[in-house]
Amino acid sequence: AGLGPGRLPTGQYLTDQWPVLHAGSVPHVDIATWRLRISGEVEQEVELTWRELNELPRSSNVQDIHCVTRWSRFDADFEGVHWRELAKLCRPIA
């Protein structure tokens with residue numbers, strides 16, 4: 001934590017807020033009908049509802065983010081389903 005030497009890359013500015021991370025409108029998504037489908041180079045195709053996805057084990061991660069648009073945010077806290085939980089279900093083909 002803190003602004004130690006080298007933590008903020010040259011040319012970056014520090015922000016405490018999330019900048020707008022999309023262009024245009026954000027579509028409305030009905031989570032009652034939303035599905036995540038994993039197919040292709042996998043041993044087992046998988047389709048999950050929003051509820052099923054959120055019932056998978058969750059993990060958290062705290063990290064600094066340095067965007068190509070020159071903003072940085074320290075100690076961003078993320079939580080969600082790690083890709084390895086999905087990999088266990090679909091078993092990607094190596």
# chains A, B, ... in the order shown; residues from 1 in each chain; ligands from 1
$ select_by_dssp --residues "region 7-78 of chain A" --states "strand (DSSP E or B)" --output "PyMOL selection string"
chain A and resi 13-14+35-38+42+46-49+59-66+71-78
$ select_by_dssp --residues "chain A" --states "helix (DSSP H, G or I)" --output "ChimeraX atom specification"
/A:50-55,83-90
$ closest_residue --among "A:Asp64, A:Asp30, A:Glu79, A:Glu47" --to "Thr15 (chain A)" --atoms "only C-alpha atoms"
A:Asp64
$ atom_distance --atom1 "CA of Pro57 (chain A)" --atom2 "CA of Leu86 (chain A)"
9.9 Å
$ closest_residue --among "A:Glu43, A:Asp77, A:Glu55, A:Asp16" --to "Ala94 (chain A)" --atoms "only C-alpha atoms"
A:Glu43
